[in-house]
file data_7.txt (compact mmCIF, C-alpha atoms)
# COMPACT_ATOMS: atom_id res chain seq x y z
CA MET A 1116 22.08 1.24 5.95
CA ALA A 1117 22.97 -2.35 5.03
CA HIS A 1118 23.68 -3.17 8.67
CA ALA A 1119 20.37 -1.65 9.81
CA ALA A 1120 18.49 -3.62 7.16
CA ALA A 1121 20.19 -6.82 8.31
CA ALA A 1122 19.17 -6.15 11.90
CA LEU A 1123 15.49 -5.77 10.92
CA GLU A 1124 14.05 -8.83 9.21
CA LEU A 1125 13.00 -8.12 5.64
CA PRO A 1126 11.94 -10.54 2.94
CA ASP A 1127 14.17 -11.27 -0.03
CA LEU A 1128 13.07 -12.06 -3.57
CA ALA A 1129 12.80 -15.77 -2.74
CA GLY A 1130 10.51 -14.94 0.18
CA ILE A 1131 8.35 -12.76 -2.07
CA ARG A 1132 8.12 -15.53 -4.67
CA ALA A 1133 7.12 -17.99 -1.92
CA ALA A 1134 4.43 -15.54 -0.81
CA HIS A 1135 3.21 -15.31 -4.41
CA ALA A 1136 2.72 -19.07 -4.54
CA ARG A 1137 1.10 -19.14 -1.07
CA ILE A 1138 -1.56 -16.53 -1.85
CA ALA A 1139 -2.24 -17.39 -5.50
CA GLN A 1140 -5.60 -19.05 -4.86
CA HIS A 1141 -6.78 -16.19 -2.64
CA VAL A 1142 -6.02 -13.05 -4.65
CA HIS A 1143 -6.59 -11.82 -8.20
CA ARG A 1144 -3.80 -11.55 -10.72
CA THR A 1145 -4.77 -8.00 -11.61
CA PRO A 1146 -4.47 -6.62 -15.14
CA VAL A 1147 -1.86 -4.16 -16.42
CA MET A 1148 -3.45 -1.28 -18.33
CA THR A 1149 -2.09 1.48 -20.55
CA CYS A 1150 -3.52 4.80 -21.72
CA ALA A 1151 -1.99 6.68 -24.65
CA ALA A 1152 -3.75 9.93 -23.66
CA ILE A 1153 -2.16 9.86 -20.20
CA ASP A 1154 1.24 8.90 -21.65
CA ALA A 1155 1.07 12.06 -23.76
CA GLU A 1156 0.39 14.16 -20.63
CA VAL A 1157 3.39 12.84 -18.69
CA GLY A 1158 5.88 12.22 -21.51
CA ALA A 1159 6.45 8.56 -20.62
CA SER A 1160 4.96 5.13 -21.31
CA LEU A 1161 2.99 4.08 -18.23
CA TYR A 1162 1.91 0.57 -17.31
CA PHE A 1163 -0.71 0.62 -14.56
CA LYS A 1164 -0.79 -2.47 -12.29
CA CYS A 1165 -4.46 -2.37 -11.35
CA GLU A 1166 -4.57 -3.31 -7.68
CA HIS A 1167 -7.76 -1.28 -7.30
CA LEU A 1168 -9.33 -4.33 -9.00
CA GLN A 1169 -7.85 -6.64 -6.34
CA ARG A 1170 -9.94 -8.53 -3.77
CA ILE A 1171 -11.27 -5.96 -1.23
CA GLY A 1172 -10.36 -3.24 -3.72
CA ALA A 1173 -6.72 -2.82 -2.74
CA PHE A 1174 -3.24 -4.39 -2.86
CA LYS A 1175 -3.52 -4.97 0.90
CA ALA A 1176 -5.20 -8.35 0.23
CA ARG A 1177 -1.78 -9.67 -0.77
CA GLY A 1178 0.08 -8.88 2.45
CA ALA A 1179 -2.79 -9.82 4.73
CA CYS A 1180 -3.29 -13.18 3.02
CA ASN A 1181 0.40 -13.99 3.20
CA ALA A 1182 0.56 -13.12 6.91
CA VAL A 1183 -2.61 -15.04 7.83
CA LEU A 1184 -1.71 -18.10 5.75
CA SER A 1185 1.77 -18.12 7.34
CA LEU A 1186 0.39 -18.57 10.89
CA ASP A 1187 0.65 -21.97 12.52
CA ALA A 1188 -2.63 -23.71 13.40
CA ALA A 1189 -2.52 -22.87 17.13
CA ALA A 1190 -1.94 -19.14 16.55
CA ALA A 1191 -4.52 -19.02 13.77
CA ARG A 1192 -7.25 -20.43 16.03
CA ARG A 1193 -6.88 -17.45 18.39
CA GLY A 1194 -7.48 -15.05 15.52
CA VAL A 1195 -5.79 -11.89 14.30
CA VAL A 1196 -5.98 -8.20 15.14
CA THR A 1197 -4.79 -5.03 13.45
CA HIS A 1198 -5.28 -1.29 13.29
CA SER A 1199 -6.11 0.31 9.97
CA SER A 1200 -7.70 3.35 8.35
CA GLY A 1201 -9.51 0.90 6.12
CA ASN A 1202 -7.89 -1.14 3.37
CA HIS A 1203 -5.58 -3.28 5.52
CA GLY A 1204 -8.44 -3.87 7.94
CA ALA A 1205 -10.68 -5.11 5.14
CA ALA A 1206 -7.82 -7.21 3.79
CA LEU A 1207 -7.18 -8.83 7.16
CA ALA A 1208 -10.90 -9.48 7.61
CA TYR A 1209 -10.99 -11.08 4.15
CA ALA A 1210 -7.89 -13.22 4.79
CA ALA A 1211 -9.20 -14.35 8.17
CA LYS A 1212 -12.54 -15.29 6.62
CA ARG A 1213 -10.74 -17.35 3.96
CA ARG A 1214 -8.92 -19.23 6.72
CA GLY A 1215 -11.99 -19.47 8.94
CA ILE A 1216 -10.57 -17.60 11.92
CA PRO A 1217 -11.77 -14.53 13.88
CA ALA A 1218 -10.47 -11.02 13.19
CA TRP A 1219 -10.60 -7.72 15.08
CA VAL A 1220 -9.88 -4.40 13.37
CA VAL A 1221 -9.22 -1.18 15.28
CA MET A 1222 -10.18 1.83 13.14
CA PRO A 1223 -10.00 5.58 13.72
CA ASP A 1224 -13.47 7.02 14.21
CA ASN A 1225 -12.93 9.34 11.21
CA ALA A 1226 -12.24 6.47 8.78
CA PRO A 1227 -14.38 6.76 5.62
CA ALA A 1228 -17.72 4.99 5.96
CA VAL A 1229 -17.04 2.96 2.81
CA LYS A 1230 -13.89 1.53 4.43
CA GLN A 1231 -15.62 0.72 7.72
CA ALA A 1232 -18.36 -1.08 5.78
CA ASN A 1233 -15.76 -2.99 3.78
CA VAL A 1234 -14.28 -4.39 7.01
CA ARG A 1235 -17.61 -5.42 8.50
CA ARG A 1236 -18.69 -7.09 5.28
CA PHE A 1237 -16.09 -9.80 5.83
CA GLY A 1238 -17.25 -10.53 9.36
CA ALA A 1239 -14.54 -8.82 11.39
CA THR A 1240 -15.29 -7.04 14.67
CA VAL A 1241 -14.60 -3.30 14.36
CA ARG A 1242 -13.35 -1.29 17.36
CA LEU A 1243 -13.42 2.48 16.82
CA CYS A 1244 -10.85 4.71 18.53
CA ALA A 1245 -9.50 8.25 18.46
CA PRO A 1246 -7.62 9.05 15.23
CA THR A 1247 -4.12 8.88 16.74
CA VAL A 1248 -1.38 6.27 16.46
CA ALA A 1249 -1.25 5.96 20.25
CA ALA A 1250 -5.00 5.27 20.47
CA ARG A 1251 -4.80 2.69 17.69
CA GLU A 1252 -1.89 0.84 19.25
CA SER A 1253 -3.44 0.90 22.72
CA ALA A 1254 -6.75 -0.53 21.46
CA CYS A 1255 -4.90 -3.20 19.47
CA ALA A 1256 -2.86 -4.23 22.50
CA GLU A 1257 -6.05 -4.49 24.57
CA VAL A 1258 -7.71 -6.80 22.02
CA ALA A 1259 -4.60 -8.96 21.77
CA ARG A 1260 -4.39 -9.21 25.56
CA ASP A 1261 -8.06 -10.14 25.90
CA THR A 1262 -8.27 -12.65 23.03
CA GLY A 1263 -4.77 -13.97 22.36
CA ALA A 1264 -5.10 -12.76 18.77
CA THR A 1265 -1.89 -12.27 16.75
CA LEU A 1266 -1.13 -8.69 15.73
CA ILE A 1267 -0.74 -8.36 11.96
CA HIS A 1268 0.73 -4.89 11.56
CA PRO A 1269 -0.36 -2.98 8.44
CA PHE A 1270 3.23 -2.63 7.19
CA ASP A 1271 5.86 -3.32 9.88
CA ASP A 1272 5.85 -7.09 9.31
CA PRO A 1273 8.09 -9.04 6.90
CA ARG A 1274 5.20 -11.37 5.98
CA VAL A 1275 3.04 -8.40 5.00
CA ILE A 1276 5.89 -6.76 3.06
CA ALA A 1277 6.54 -10.02 1.18
CA GLY A 1278 2.88 -10.25 0.20
CA GLN A 1279 2.80 -6.66 -1.04
CA GLY A 1280 5.86 -7.32 -3.19
CA THR A 1281 3.96 -9.91 -5.21
CA ALA A 1282 2.22 -7.19 -7.25
CA ALA A 1283 5.61 -6.09 -8.61
CA VAL A 1284 6.49 -9.70 -9.44
CA GLU A 1285 3.36 -9.92 -11.60
CA LEU A 1286 3.97 -6.51 -13.15
CA LEU A 1287 7.48 -7.48 -14.26
CA GLU A 1288 6.26 -10.85 -15.53
CA ALA A 1289 3.79 -8.95 -17.71
CA ILE A 1290 6.12 -6.12 -18.82
CA ASP A 1291 9.71 -7.30 -18.48
CA ASP A 1292 11.58 -4.26 -19.84
CA LEU A 1293 10.47 -1.50 -17.49
CA ASP A 1294 12.90 1.30 -16.68
CA ALA A 1295 11.19 2.25 -13.43
CA VAL A 1296 8.38 1.40 -11.03
CA ILE A 1297 6.49 3.92 -8.89
CA ALA A 1298 4.40 3.10 -5.83
CA PRO A 1299 2.65 5.35 -3.30
CA CYS A 1300 4.07 5.39 0.21
CA GLY A 1301 2.29 5.61 3.56
CA GLY A 1302 3.83 3.18 6.05
CA GLY A 1303 6.09 1.84 3.33
CA GLY A 1304 4.98 -1.78 3.17
CA LEU A 1305 3.98 -1.64 -0.50
CA LEU A 1306 7.00 0.40 -1.54
CA SER A 1307 9.36 -1.85 0.46
CA GLY A 1308 7.99 -5.03 -1.09
CA THR A 1309 7.90 -3.45 -4.56
CA SER A 1310 11.49 -2.24 -4.30
CA ILE A 1311 12.87 -5.56 -3.04
CA ALA A 1312 11.01 -7.55 -5.70
CA ALA A 1313 11.68 -5.29 -8.68
CA THR A 1314 15.37 -4.69 -8.00
CA GLY A 1315 15.80 -8.40 -7.38
CA ILE A 1316 14.19 -9.30 -10.71
CA ARG A 1317 15.60 -6.52 -12.91
CA ARG A 1318 19.05 -5.16 -12.11
CA GLY A 1319 19.30 -1.39 -12.50
CA ILE A 1320 15.58 -0.68 -12.47
CA ALA A 1321 14.71 2.62 -10.76
CA ILE A 1322 12.19 2.48 -7.91
CA PHE A 1323 10.41 5.69 -6.95
CA GLY A 1324 8.17 6.55 -4.02
CA ALA A 1325 5.23 8.93 -4.36
CA GLU A 1326 3.70 10.99 -1.56
CA PRO A 1327 1.38 13.95 -1.03
CA ALA A 1328 3.31 17.12 -0.23
CA ASN A 1329 0.93 17.53 2.75
CA ALA A 1330 2.11 14.19 4.19
CA ASP A 1331 5.73 13.97 3.05
CA ASP A 1332 7.24 12.31 6.12
CA ALA A 1333 8.55 9.33 4.12
CA ALA A 1334 10.32 11.61 1.64
CA ARG A 1335 11.86 13.54 4.54
CA SER A 1336 12.80 10.34 6.39
CA PHE A 1337 14.35 8.92 3.22
CA ALA A 1338 16.43 12.08 2.73
CA ALA A 1339 17.50 12.29 6.39
CA GLY A 1340 18.17 8.58 6.93
CA ALA A 1341 16.14 8.73 10.15
CA LEU A 1342 12.44 8.58 10.90
CA GLN A 1343 10.73 11.97 10.70
CA PRO A 1344 7.36 12.74 12.30
CA LEU A 1345 4.19 13.19 10.28
CA ALA A 1346 2.87 16.69 10.85
CA PRO A 1347 -0.88 17.12 11.42
CA THR A 1348 -2.04 16.44 7.91
CA THR A 1349 -4.98 17.44 5.76
CA THR A 1350 -4.26 15.30 2.70
CA ILE A 1351 -7.17 13.79 0.80
CA ALA A 1352 -5.04 10.63 0.45
CA ASP A 1353 -6.26 9.07 3.70
CA GLY A 1354 -4.38 5.81 3.08
CA LEU A 1355 -1.05 7.67 3.19
CA ARG A 1356 -1.49 9.41 6.56
CA THR A 1357 0.98 6.98 8.16
CA THR A 1358 4.63 7.15 9.16
CA LEU A 1359 7.33 4.67 8.17
CA SER A 1360 8.80 2.12 10.58
CA ALA A 1361 12.53 1.52 11.07
CA ARG A 1362 12.07 -1.68 9.04
CA THR A 1363 10.45 -0.03 6.02
CA LEU A 1364 12.86 2.93 6.11
CA ALA A 1365 15.77 0.47 5.95
CA ALA A 1366 14.25 -1.22 2.90
CA LEU A 1367 13.58 2.09 1.15
CA ARG A 1368 17.06 3.44 1.82
CA ALA A 1369 18.53 0.24 0.37
CA HIS A 1370 16.40 -0.03 -2.78
CA VAL A 1371 14.55 3.21 -3.66
CA ARG A 1372 16.15 5.85 -5.89
CA ALA A 1373 14.04 8.93 -5.11
CA PHE A 1374 10.72 10.31 -3.90
CA GLY A 1375 8.27 12.59 -5.64
CA THR A 1376 5.60 14.68 -3.93
CA CYS A 1377 2.44 16.27 -5.27
CA SER A 1378 -0.20 18.84 -4.44
CA GLU A 1379 -3.74 18.04 -3.35
CA GLU A 1380 -5.01 19.59 -6.58
CA ALA A 1381 -2.86 17.20 -8.63
CA ILE A 1382 -4.21 14.19 -6.71
CA VAL A 1383 -7.77 15.18 -7.60
CA ARG A 1384 -6.73 15.86 -11.20
CA ALA A 1385 -5.05 12.44 -11.45
CA MET A 1386 -8.09 10.67 -9.96
CA ARG A 1387 -10.38 12.38 -12.42
CA MET A 1388 -8.02 11.70 -15.34
CA MET A 1389 -7.99 7.96 -14.58
CA PHE A 1390 -11.76 8.02 -14.21
CA GLU A 1391 -12.37 9.87 -17.48
CA ARG A 1392 -9.65 8.48 -19.73
CA MET A 1393 -9.22 4.93 -18.38
CA LYS A 1394 -12.73 4.42 -16.93
CA GLN A 1395 -11.05 3.34 -13.67
CA VAL A 1396 -12.28 4.44 -10.24
CA VAL A 1397 -9.26 4.85 -7.96
CA GLU A 1398 -8.94 6.25 -4.47
CA PRO A 1399 -6.85 9.37 -3.78
CA SER A 1400 -3.84 7.42 -2.45
CA ALA A 1401 -3.73 5.39 -5.67
CA ALA A 1402 -3.69 8.56 -7.79
CA VAL A 1403 -0.61 9.99 -6.03
CA PRO A 1404 2.00 8.40 -8.37
CA LEU A 1405 0.28 9.82 -11.45
CA ALA A 1406 -0.11 13.17 -9.66
CA CYS A 1407 3.68 13.26 -9.10
CA LEU A 1408 4.23 12.58 -12.80
CA LEU A 1409 1.77 15.27 -13.83
CA GLU A 1410 3.65 17.78 -11.65
CA ARG A 1411 7.02 16.51 -12.91
CA THR A 1412 8.46 15.84 -9.43
CA LEU A 1413 9.90 12.54 -10.70
CA ASP A 1414 12.06 12.42 -13.83
CA VAL A 1415 10.76 9.65 -16.09
CA GLU A 1416 10.80 11.49 -19.42
CA GLY A 1417 10.77 8.97 -22.25
CA LYS A 1418 10.90 5.97 -19.89
CA ARG A 1419 8.81 2.82 -19.59
CA VAL A 1420 7.30 3.08 -16.13
CA GLY A 1421 5.24 0.68 -14.04
CA VAL A 1422 2.74 2.32 -11.69
CA ILE A 1423 1.23 0.38 -8.79
CA VAL A 1424 -2.40 1.56 -8.56
CA SER A 1425 -2.92 0.78 -4.91
CA GLY A 1426 -6.69 0.84 -4.33
CA GLY A 1427 -10.14 1.87 -5.44
CA ASN A 1428 -12.26 2.19 -2.31
CA VAL A 1429 -13.87 5.57 -2.94
CA ASP A 1430 -16.92 7.05 -1.23
CA LEU A 1431 -18.92 7.78 -4.38
CA ASP A 1432 -21.12 10.26 -2.47
CA ARG A 1433 -18.04 12.38 -1.72
CA LEU A 1434 -16.07 12.55 -4.95
CA PRO A 1435 -13.57 15.41 -4.54
CA TRP A 1436 -14.52 17.22 -7.74
CA ASN A 1437 -18.12 17.35 -6.54
CA ALA A 1438 -17.24 18.97 -3.20
CA ALA A 1439 -19.43 21.92 -2.33

call {"tool": "encode", "arguments": {"input": "data_7.txt", "output": "structure tokens"}}
result
Amino acid sequence: MAHAAAALELPDLAGIRAAHARIAQHVHRTPVMTCAAIDAEVGASLYFKCEHLQRIGAFKARGACNAVLSLDAAAARRGVVTHSSGNHGAALAYAAKRRGIPAWVVMPDNAPAVKQANVRRFGATVRLCAPTVAARESACAEVARDTGATLIHPFDDPRVIAGQGTAAVELLEAIDDLDAVIAPCGGGGLLSGTSIAATGIRRGIAIFGAEPANADDAARSFAAGALQPLAPTTTIADGLRTTLSARTLAALRAHVRAFGTCSEEAIVRAMRMMFERMKQVVEPSAAVPLACLLERTLDVEGKRVGVIVSGGNVDLDRLPWNAA
């Protein structure tokens, strides 16, 4: 896979460190939290990198800010466009507002209301479309054609991947003797950036991906060495209903050790556990790494493990344990 990775531009550790400096004034340096009661449940020492406390409530602020701040002045003036189920759209809207440029966000019409509101709050124009990849991409292309806006892809962009990797840089600066880091995986931007950063900083560290069993295309793609389709999915983890790109698959094959998957019940259990024991409100996608550890689909027994908590944009009127 080394040749494939070389053919698809990916950031290196130096690029991720440059992104960290570029975005520093625009994002939070989020805290790292621990919870002895959860450690006892999983049999490992967990260090939660709290990106649900990030600007816009998700790690996506990092990648979007790096991409937007990397644009030259002429491109920036024409604005930016993306497609997103929510968090990347809000992040791009936030980054564009910080730079004072227009943003358009194409969203599936079934995106959670809280995520649509998050995007509009930052002044972006929302275009709703059918909840298919083809519809998203078509609507994005139309906006770009009409406005000249630059497409900032949610994950298939080396500038975005570099920005996402900055969370792992901060995690390892805070806790420098981790044995492993786990991140959830949808399109693979976060996991790619995390894996490049962490393995670059700490030789021999194990990087794990975490996915819902109902949307395990990344785990299957990782095992096969080729992109696998995402079956029609019913996972509660709406942020992970996305397939990898050739670029992110190349990064994962080069730097990730293994994938874990988890049941829907475990995702809800992990969300509730973080709510009750840590007093932290996290969205389903962010609970997937802990869910994998609760179901023992990743072997971290006795290890010191960093967990990237990806986001906290939850519709509080539709908490899963309150479902009728």

call {"tool": "residues_around", "arguments": {"input": "data_7.txt", "residues": "Gln1231 of chain A", "least_positions_apart": "2", "cutoff": "9 Å", "atoms": "only C-alpha atoms", "output": "JSON list (two decimals) with C-alpha atoms, in the coordinates of the input"}}
result
[["chain", "number", "residue", "atom", "x", "y", "z"],
["A", 1200, "SER", "CA", -7.70, 3.35, 8.35],
["A", 1201, "GLY", "CA", -9.51, 0.90, 6.12],
["A", 1204, "GLY", "CA", -8.44, -3.87, 7.94],
["A", 1205, "ALA", "CA", -10.68, -5.11, 5.14],
["A", 1222, "MET", "CA", -10.18, 1.83, 13.14],
["A", 1226, "ALA", "CA", -12.24, 6.47, 8.78],
["A", 1227, "PRO", "CA", -14.38, 6.76, 5.62],
["A", 1228, "ALA", "CA", -17.72, 4.99, 5.96],
["A", 1229, "VAL", "CA", -17.04, 2.96, 2.81],
["A", 1233, "ASN", "CA", -15.76, -2.99, 3.78],
["A", 1234, "VAL", "CA", -14.28, -4.39, 7.01],
["A", 1235, "ARG", "CA", -17.61, -5.42, 8.50],
["A", 1236, "ARG", "CA", -18.69, -7.09, 5.28],
["A", 1241, "VAL", "CA", -14.60, -3.30, 14.36]]

call {"tool": "residues_around", "arguments": {"input": "data_7.txt", "residues": "Ala1406 of chain A", "least_positions_apart": "5", "cutoff": "8 Å", "atoms": "only C-alpha atoms", "output": "PDB file with C-alpha atoms, keeping the file's coordinate frame"}}
result
ATOM      1  CA  CYS A1377       2.440  16.270  -5.270  1.00  0.00           C
ATOM      2  CA  SER A1378      -0.200  18.840  -4.440  1.00  0.00           C
ATOM      3  CA  ALA A1381      -2.860  17.200  -8.630  1.00  0.00           C
ATOM      4  CA  ILE A1382      -4.210  14.190  -6.710  1.00  0.00           C
ATOM      5  CA  ARG A1384      -6.730  15.860 -11.200  1.00  0.00           C
ATOM      6  CA  ALA A1385      -5.050  12.440 -11.450  1.00  0.00           C
TER       7      ALA A1385
END

call {"tool": "closest_residue", "arguments": {"input": "data_7.txt", "among": "A:Leu1408, A:Ala1295, A:Leu1367, A:Leu1345", "to": "Gly1319 of chain A", "atoms": "all atoms listed in the file"}}
result
A:Ala1295

call {"tool": "axis_aligned_box", "arguments": {"input": "data_7.txt", "around": "segment 1133-1144 of chain A", "padding_each_side": "4 Å", "output": "lines of an AutoDock Vina configuration file"}}
result
center_x = 0.2
center_y = -15.3
center_z = -5.8
size_x = 21.9
size_y = 15.6
size_z = 17.9

call {"tool": "closest_atom_pairs", "arguments": {"input": "data_7.txt", "of": "segment 1291-1387 of chain A", "to": "segment 1173-1195 of chain A", "cutoff": "10 Å", "atoms": "all atoms listed in the file", "output": "JSON lines"}}
result
{"residue": "A:Gly1304", "atom": "CA", "partner": "A:Gly1178", "partner_atom": "CA", "distance": 8.7}
{"residue": "A:Leu1305", "atom": "CA", "partner": "A:Phe1174", "partner_atom": "CA", "distance": 8.1}
{"residue": "A:Gly1308", "atom": "CA", "partner": "A:Gly1178", "partner_atom": "CA", "distance": 9.5}

call {"tool": "write_last_selection", "arguments": {"input": "data_7.txt", "atoms": "C-alpha atoms", "output": "short mmCIF file (atom, residue, chain, number, x, y, z; two decimals), in the frame of the given file"}}
result
data_model
loop_
_atom_site.label_atom_id
_atom_site.label_comp_id
_atom_site.auth_asym_id
_atom_site.auth_seq_id
_atom_site.Cartn_x
_atom_site.Cartn_y
_atom_site.Cartn_z
CA GLY A 1304 4.98 -1.78 3.17
CA LEU A 1305 3.98 -1.64 -0.50
CA GLY A 1308 7.99 -5.03 -1.09
#

call {"tool": "closest_residue", "arguments": {"input": "data_7.txt", "among": "A:Asp1432, A:Leu1405, A:Met1386, A:Thr1309", "to": "Asp1127 of chain A", "atoms": "only C-alpha atoms"}}
result
A:Thr1309

call {"tool": "atom_distance", "arguments": {"input": "data_7.txt", "atom1": "atom CA of Trp1219 of chain A", "atom2": "atom CA of Gly1263 of chain A"}}
result
11.2 Å

call {"tool": "atom_distance", "arguments": {"input": "data_7.txt", "atom1": "atom CA of Thr1197 of chain A", "atom2": "atom CA of Ala1361 of chain A"}}
result
18.7 Å

call {"tool": "atom_distance", "arguments": {"input": "data_7.txt", "atom1": "atom CA of His1203 of chain A", "atom2": "atom CA of Pro1269 of chain A"}}
result
6.0 Å

call {"tool": "residues_near_point", "arguments": {"input": "data_7.txt", "point": "(3.7, -10.9, 1.8)", "cutoff": "6 Å", "atoms": "only C-alpha atoms", "output": "list in words"}}
result
Ala1134, Gly1178, Asn1181, Arg1274, Val1275, Ile1276, Ala1277, Gly1278 and Gln1279 of chain A

call {"tool": "closest_residue", "arguments": {"input": "data_7.txt", "among": "A:Glu1380, A:Asp1271, A:Glu1391, A:Asp1224", "to": "Leu1409 of chain A", "atoms": "only C-alpha atoms"}}
result
A:Glu1380

call {"tool": "closest_atom_pairs", "arguments": {"input": "data_7.txt", "of": "segment 1373-1437 of chain A", "to": "segment 1140-1154 of chain A", "cutoff": "12 Å", "atoms": "all atoms listed in the file", "output": "CSV"}}
result
residue,atom,partner,partner_atom,distance
A:Arg1384,CA,A:Ile1153,CA,11.7
A:Ala1385,CA,A:Ile1153,CA,9.6
A:Met1386,CA,A:Ile1153,CA,11.9
A:Arg1387,CA,A:Ile1153,CA,11.6
A:Met1388,CA,A:Ile1153,CA,7.8
A:Met1389,CA,A:Ile1153,CA,8.3
A:Phe1390,CA,A:Ile1153,CA,11.5
A:Glu1391,CA,A:Ile1153,CA,10.6
A:Arg1392,CA,A:Ala1152,CA,7.2
A:Met1393,CA,A:Cys1150,CA,6.6
A:Lys1394,CA,A:Cys1150,CA,10.4
A:Gln1395,CA,A:Met1148,CA,10.0
A:Leu1405,CA,A:Ile1153,CA,9.1
A:Ala1406,CA,A:Ile1153,CA,11.2
A:Leu1408,CA,A:Asp1154,CA,10.0
A:Leu1409,CA,A:Ile1153,CA,9.2
A:Val1415,CA,A:Asp1154,CA,11.1
A:Glu1416,CA,A:Asp1154,CA,10.2
A:Gly1417,CA,A:Asp1154,CA,9.5
A:Lys1418,CA,A:Asp1154,CA,10.2
A:Arg1419,CA,A:Asp1154,CA,9.9
A:Val1420,CA,A:Asp1154,CA,10.1
A:Gly1421,CA,A:Val1147,CA,8.9
A:Val1422,CA,A:Val1147,CA,9.2
A:Ile1423,CA,A:Val1147,CA,9.4
A:Val1424,CA,A:Val1147,CA,9.7
A:Ser1425,CA,A:Thr1145,CA,11.2
A:Gly1426,CA,A:Thr1145,CA,11.6

call {"tool": "write_last_selection", "arguments": {"input": "data_7.txt", "atoms": "C-alpha atoms", "output": "PDB file, keeping the file's coordinate frame"}}
result
ATOM      1  CA  ARG A1384      -6.730  15.860 -11.200  1.00  0.00           C
ATOM      2  CA  ALA A1385      -5.050  12.440 -11.450  1.00  0.00           C
ATOM      3  CA  MET A1386      -8.090  10.670  -9.960  1.00  0.00           C
ATOM      4  CA  ARG A1387     -10.380  12.380 -12.420  1.00  0.00           C
ATOM      5  CA  MET A1388      -8.020  11.700 -15.340  1.00  0.00           C
ATOM      6  CA  MET A1389      -7.990   7.960 -14.580  1.00  0.00           C
ATOM      7  CA  PHE A1390     -11.760   8.020 -14.210  1.00  0.00           C
ATOM      8  CA  GLU A1391     -12.370   9.870 -17.480  1.00  0.00           C
ATOM      9  CA  ARG A1392      -9.650   8.480 -19.730  1.00  0.00           C
ATOM     10  CA  MET A1393      -9.220   4.930 -18.380  1.00  0.00           C
ATOM     11  CA  LYS A1394     -12.730   4.420 -16.930  1.00  0.00           C
ATOM     12  CA  GLN A1395     -11.050   3.340 -13.670  1.00  0.00           C
ATOM     13  CA  LEU A1405       0.280   9.820 -11.450  1.00  0.00           C
ATOM     14  CA  ALA A1406      -0.110  13.170  -9.660  1.00  0.00           C
ATOM     15  CA  LEU A1408       4.230  12.580 -12.800  1.00  0.00           C
ATOM     16  CA  LEU A1409       1.770  15.270 -13.830  1.00  0.00           C
ATOM     17  CA  VAL A1415      10.760   9.650 -16.090  1.00  0.00           C
ATOM     18  CA  GLU A1416      10.800  11.490 -19.420  1.00  0.00           C
ATOM     19  CA  GLY A1417      10.770   8.970 -22.250  1.00  0.00           C
ATOM     20  CA  LYS A1418      10.900   5.970 -19.890  1.00  0.00           C
ATOM     21  CA  ARG A1419       8.810   2.820 -19.590  1.00  0.00           C
ATOM     22  CA  VAL A1420       7.300   3.080 -16.130  1.00  0.00           C
ATOM     23  CA  GLY A1421       5.240   0.680 -14.040  1.00  0.00           C
ATOM     24  CA  VAL A1422       2.740   2.320 -11.690  1.00  0.00           C
ATOM     25  CA  ILE A1423       1.230   0.380  -8.790  1.00  0.00           C
ATOM     26  CA  VAL A1424      -2.400   1.560  -8.560  1.00  0.00           C
ATOM     27  CA  SER A1425      -2.920   0.780  -4.910  1.00  0.00           C
ATOM     28  CA  GLY A1426      -6.690   0.840  -4.330  1.00  0.00           C
TER      29      GLY A1426
END

call {"tool": "closest_residue", "arguments": {"input": "data_7.txt", "among": "A:Ala1366, A:Ala1373, A:Ala1346, A:Val1284", "to": "Gly1303 of chain A", "atoms": "only C-alpha atoms"}}
result
A:Ala1366

call {"tool": "closest_residue", "arguments": {"input": "data_7.txt", "among": "A:Ser1400, A:Ala1325, A:Ala1211, A:Arg1318", "to": "His1167 of chain A", "atoms": "all atoms listed in the file"}}
result
A:Ser1400

call {"tool": "residues_near_point", "arguments": {"input": "data_7.txt", "point": "(-19.3, -13.2, 6.6)", "cutoff": "10 Å", "atoms": "only C-alpha atoms", "output": "list in words"}}
result
Ala1208, Tyr1209, Lys1212, Arg1213, Gly1215, Arg1235, Arg1236, Phe1237, Gly1238 and Ala1239 of chain A
